[in-house]
Amino acid sequence: MTETNQTPSWIQDSLFENVIKKIVPEFKEIKTFKLTNALLPGENYATIMLRIQLDVDLKDNTAHTETLMMKIPHDTEVYRKEMAKWDMFTIESLMYREIIPELEQLYLHSGLTIQLCPTSYLLATDKEYILLEDLKKRGYRNTKRQDGLDMEHCKKVLEKIAQLHAASAVRVERKGPYPKQYVKGIANDVGFETIRTLMDSCVKNALKVAKSFPNHEMYYEEMQNMGKQFTEVLFETSAYDDTDFNVLNHGDCWSNNIMFKYDTEGHLLDCCLVDLQTPRYGNAAQDLNYFILTSAKLELKINHFDEMIRYYHQQLRDHLKLLKYSKPIPTLGDIHRMILKAGAWSIFAALNVLPIVLADSSQDATVDNLIGDSEESEKFKERLYANERTRKHYEVLLPWLYHRGAFDCN
């Protein structure tokens with residue numbers, strides 16, 4: 001076994017035998033077991049992603065190699081003190097093992113076979129983990145996050161989001177409400193102070209960047225005032241409202257949490273959603289604001305925002321009809337009103353997530369530096385916002401957000 005410097009001792013080859021038997025019926029025994037970091041620093045903050053490689057002998061004495069993806073928590077004081085509050089592993093486990101299969105079954109019963117997320121597997125351990133199929137074996141891969149997604153990729157993701165949203169709304173009709181931990185997502189009271197500290201730092205650094213832009217005086221003061229009460233507004237506008245069209249939002253829908261499949265000639269075929277650790281049942285606009293502002297190419301975010309929302313609405317309407325949703329289907333106008341209502345998620349995406357998306361890979365890109373308040377942490381965050389890609393986006397995005405009323409906390 002090849003260990004990473006973050007590998008806990010409880011991860012042993014024997015732990016995976018029952019899983020391999022399910023995947024490979026002719027399995028005989030594990031010969032070698034290799035475990036490596038699956039992602040470079042800066043590609044994932046909240047957890048550690050590992051790739052498990054198992055070389056096995058089969059009953060006919062031939063060899064076979066199987067790979068799996070495994071997510072485990074950071075073994076740091078910051079993680080235990082701050083990140084563990086959200087109970088992300090319990091929430092994500094239920095998503096993969098119960099909720100997502102239920103949603104996929106709804107489509108199967110309606111004559112459409114789709115896969116929203118990778119298949120998950122169960123291990124005989126009480127440790128925190130998520131074990132998933134390796135989607136790369138089926139031709140899925142990530143894009144380069146700093147480049148942003150073109151319209152073809154954006155529409156493929158919006159179609160998948162619409163499929164998730166439509167099935168999640170129909171599931172409530174047929175099975176009742178989701179468990180209570182899915183109603184708030186990260187806007188959960190246990191994490192209020194953590195988010196406040198994080199967003200105070202985000203706003204401070206974004207304002208530093210904005211001050212160098214032409215005409216920043218137009219929105220600077222309003223943006224500054226917004227920052228003083230942003231967390232309260234985020235929590236207030238994220239509260240469940242039964243008059244909205246409510247769905248199960250992915251909750252962290254940006255390019256690194258989406259994998260794309262291509263044919264042998266490079267044509268885009270499908271996408272799959274991963275990292276389901278912060279889902280939220282509520283206003284459908286959270287995923288829309290979050291995805292478009294973090295992951296679309298800059299020239300699409302503003303100039304084609306409404307076009308992408310229309311495409312999402314078309315897909316949502318078609319899939320709700322397919323699944324025989326019994327309530328009134330939201331109009332395009334309804335979706336736009338929800339987007340404005342969920343404007344705080346635009347701010348969260350633009351000021352907190354976007355600089356991470358646009359940053360270069362770095363050994364300093366750790367969860368401790370992201371949410372900590374040490375001198376090293378502050379320097380790391382300053383570099384995130386001083387990045388030329390971030391500056392280029394903010395010069396366009398900040399006035400756009402201002403004109404849409406996103407900085408108006410009243």
# chains A, B, ... in the order shown; residues from 1 in each chain; ligands from 1

$ residues_around --residues "range 328-331 of chain A" --least-positions-apart "6" --cutoff "10 Å" --atoms "only C-alpha atoms" --output "compact mmCIF listing (two decimals) with C-alpha atoms, in the first residue's frame"
# COMPACT_ATOMS: atom_id res chain seq x y z
CA ALA A 166 -37.69 18.36 -11.03
CA ASP A 244 -41.75 29.24 -3.45
CA PHE A 245 -41.16 26.48 -5.95
CA ARG A 310 -34.54 30.35 -20.02
CA HIS A 313 -36.65 26.69 -17.26
CA GLN A 314 -37.38 24.79 -20.47
CA LEU A 316 -37.31 22.01 -15.74
CA ARG A 317 -40.74 22.33 -17.34
CA ASP A 318 -40.16 19.33 -19.64
CA LEU A 320 -41.71 18.09 -14.44
CA LYS A 321 -44.21 17.17 -17.16
CA ARG A 337 -38.34 36.40 -9.24

$ residues_around --residues "range 14-26 of chain A" --least-positions-apart "6" --cutoff "12 Å" --atoms "only C-alpha atoms" --output "ChimeraX atom specification"
/A:1,32-33,52-70,119-127,131-134

$ closest_atom_pairs --of "range 172-278 of chain A" --to "range 354-364 of chain A" --cutoff "10 Å" --atoms "only C-alpha atoms" --output "JSON lines"
{"residue": "A:Cys202", "atom": "CA", "partner": "A:Pro355", "partner_atom": "CA", "distance": 9.3}
{"residue": "A:Ala206", "atom": "CA", "partner": "A:Pro355", "partner_atom": "CA", "distance": 9.5}
{"residue": "A:Trp254", "atom": "CA", "partner": "A:Val357", "partner_atom": "CA", "distance": 8.2}
{"residue": "A:Ser255", "atom": "CA", "partner": "A:Val357", "partner_atom": "CA", "distance": 8.0}
{"residue": "A:Asn256", "atom": "CA", "partner": "A:Val357", "partner_atom": "CA", "distance": 8.2}

$ residues_around --residues "Ala285 in chain A" --least-positions-apart "2" --cutoff "9 Å" --atoms "only C-alpha atoms" --output "ChimeraX atom specification"
/A:249,282-283,287-290,335-336,338-343,345

$ write_last_selection --atoms "N, CA, C and O atoms" --output "short mmCIF file (atom, residue, chain, number, x, y, z; two decimals), in the first residue's frame"
data_model
loop_
_atom_site.label_atom_id
_atom_site.label_comp_id
_atom_site.auth_asym_id
_atom_site.auth_seq_id
_atom_site.Cartn_x
_atom_site.Cartn_y
_atom_site.Cartn_z
N ASN A 249 -31.64 21.67 -3.79
CA ASN A 249 -30.47 22.24 -4.45
C ASN A 249 -29.24 21.38 -4.19
O ASN A 249 -29.08 20.83 -3.09
N GLY A 282 -35.13 24.17 -0.87
CA GLY A 282 -35.63 25.54 -0.82
C GLY A 282 -35.68 26.13 -2.21
O GLY A 282 -35.76 25.43 -3.22
N ASN A 283 -35.63 27.45 -2.28
CA ASN A 283 -35.69 28.21 -3.52
C ASN A 283 -34.74 27.63 -4.57
O ASN A 283 -33.55 27.47 -4.34
N ASP A 287 -28.92 27.12 -6.79
CA ASP A 287 -28.01 26.45 -7.71
C ASP A 287 -27.76 27.27 -8.95
O ASP A 287 -26.65 27.25 -9.52
N LEU A 288 -28.76 27.99 -9.43
CA LEU A 288 -28.61 28.77 -10.66
C LEU A 288 -27.64 29.92 -10.46
O LEU A 288 -26.71 30.11 -11.25
N ASN A 289 -27.86 30.72 -9.43
CA ASN A 289 -26.93 31.82 -9.13
C ASN A 289 -25.52 31.29 -8.90
O ASN A 289 -24.54 31.83 -9.43
N TYR A 290 -25.43 30.25 -8.13
CA TYR A 290 -24.14 29.67 -7.72
C TYR A 290 -23.37 29.15 -8.93
O TYR A 290 -22.20 29.47 -9.13
N ILE A 335 -39.22 31.96 -12.01
CA ILE A 335 -37.81 31.63 -11.79
C ILE A 335 -36.99 32.91 -11.61
O ILE A 335 -36.14 33.00 -10.72
N HIS A 336 -37.24 33.91 -12.44
CA HIS A 336 -36.50 35.17 -12.31
C HIS A 336 -36.79 35.85 -10.99
O HIS A 336 -35.87 36.43 -10.37
N MET A 338 -37.51 34.36 -8.22
CA MET A 338 -36.78 33.60 -7.20
C MET A 338 -35.29 33.91 -7.24
O MET A 338 -34.63 33.95 -6.20
N ILE A 339 -34.76 34.14 -8.43
CA ILE A 339 -33.34 34.49 -8.56
C ILE A 339 -33.05 35.81 -7.85
O ILE A 339 -32.04 35.95 -7.15
N LEU A 340 -33.94 36.79 -8.04
CA LEU A 340 -33.75 38.06 -7.35
C LEU A 340 -33.90 37.90 -5.84
O LEU A 340 -33.16 38.47 -5.05
N LYS A 341 -34.87 37.09 -5.44
CA LYS A 341 -35.08 36.83 -4.01
C LYS A 341 -33.86 36.16 -3.39
O LYS A 341 -33.51 36.42 -2.24
N ALA A 342 -33.21 35.31 -4.15
CA ALA A 342 -32.03 34.58 -3.67
C ALA A 342 -30.75 35.30 -4.03
O ALA A 342 -29.70 34.69 -4.21
N GLY A 343 -30.81 36.64 -4.12
CA GLY A 343 -29.64 37.42 -4.51
C GLY A 343 -28.45 37.23 -3.60
O GLY A 343 -27.30 37.39 -4.03
N TRP A 345 -27.28 34.56 -2.56
CA TRP A 345 -26.46 33.46 -3.06
C TRP A 345 -25.58 33.92 -4.22
O TRP A 345 -24.51 33.34 -4.45
#

$ residues_around --residues "range 198-201 of chain A" --least-positions-apart "5" --cutoff "12 Å" --atoms "only C-alpha atoms" --output "MDAnalysis selection string"
chainID A and resid 82 191:193 206:208 223:234 344:345 347:353 367:374 377:382 384:385

$ write_last_selection --atoms "C-alpha atoms" --output "tab-separated table (two decimals), in the first residue's frame"
chain	number	residue	atom	x	y	z
A	82	GLU	CA	-15.50	24.52	12.29
A	191	GLY	CA	-22.34	27.61	11.32
A	192	PHE	CA	-23.55	31.21	11.52
A	193	GLU	CA	-20.42	32.65	13.12
A	206	ALA	CA	-13.22	42.20	-2.61
A	207	LEU	CA	-13.54	45.88	-1.61
A	208	LYS	CA	-9.76	46.26	-1.82
A	223	MET	CA	-21.38	46.98	-1.28
A	224	GLN	CA	-19.59	47.94	1.93
A	225	ASN	CA	-22.88	48.34	3.82
A	226	MET	CA	-24.10	45.02	2.43
A	227	GLY	CA	-21.03	43.30	3.83
A	228	LYS	CA	-21.86	44.43	7.37
A	229	GLN	CA	-25.11	42.46	7.41
A	230	PHE	CA	-24.61	39.90	4.67
A	231	THR	CA	-24.72	36.77	6.83
A	232	GLU	CA	-28.01	37.80	8.43
A	233	VAL	CA	-29.48	38.42	4.97
A	234	LEU	CA	-28.19	35.08	3.63
A	344	ALA	CA	-27.58	36.70	-1.41
A	345	TRP	CA	-26.46	33.46	-3.06
A	347	ILE	CA	-23.00	37.46	-3.46
A	348	PHE	CA	-21.87	34.28	-1.71
A	349	ALA	CA	-20.89	32.71	-5.02
A	350	ALA	CA	-19.14	35.78	-6.41
A	351	LEU	CA	-17.29	36.95	-3.29
A	352	ASN	CA	-16.52	33.62	-1.61
A	353	VAL	CA	-16.40	30.85	-4.23
A	367	VAL	CA	-9.16	24.62	4.52
A	368	ASP	CA	-7.19	26.05	7.46
A	369	ASN	CA	-6.05	29.01	5.36
A	370	LEU	CA	-9.46	29.44	3.77
A	371	ILE	CA	-11.47	29.83	6.96
A	372	GLY	CA	-8.73	30.65	9.47
A	373	ASP	CA	-7.62	34.07	10.69
A	374	SER	CA	-3.86	33.56	11.06
A	377	SER	CA	-4.38	32.67	6.19
A	378	GLU	CA	-4.87	36.40	5.58
A	379	LYS	CA	-1.98	36.52	3.11
A	380	PHE	CA	-3.39	33.50	1.26
A	381	LYS	CA	-6.81	35.15	0.91
A	382	GLU	CA	-5.28	38.43	-0.23
A	384	LEU	CA	-6.82	34.89	-4.05
A	385	TYR	CA	-8.43	38.26	-4.62

$ select_by_dssp --residues "range 42-97 of chain A" --states "alpha helix (DSSP H)" --output "MDAnalysis selection string"
chainID A and resid 77:81 88:94

$ select_by_dssp --residues "range 107-257 of chain A" --states "strand (DSSP E)" --output "PyMOL selection string"
chain A and resi 120-121+130-133+140-141+246-249

$ closest_residue --among "A:Phe291, A:Leu273, A:Lys204, A:Lys327" --to "Leu135 in chain A" --atoms "only C-alpha atoms"
A:Leu273

$ residues_around --residues "Lys392 in chain A" --least-positions-apart "2" --cutoff "12 Å" --atoms "only C-alpha atoms" --output "PyMOL selection string"
chain A and resi 209-210+212-213+297-299+354-355+358+385-390+394-398

$ atom_distance --atom1 "CA of Tyr312 in chain A" --atom2 "CA of Asp408 in chain A"
26.1 Å

$ closest_residue --among "A:Pro101, A:Pro279, A:Gly176, A:Gly148" --to "Ile292 in chain A" --atoms "only C-alpha atoms"
A:Gly148

$ closest_residue --among "A:Leu40, A:Ser168, A:Thr194, A:Asp13" --to "Lys81 in chain A" --atoms "only C-alpha atoms"
A:Thr194

$ residues_around --residues "Pro177 in chain A" --least-positions-apart "2" --cutoff "12 Å" --atoms "only C-alpha atoms" --output "PyMOL selection string"
chain A and resi 99+168-175+179-183+240+242+246-248+281-282

$ atom_distance --atom1 "CA of Tyr140 in chain A" --atom2 "CA of Met259 in chain A"
5.6 Å
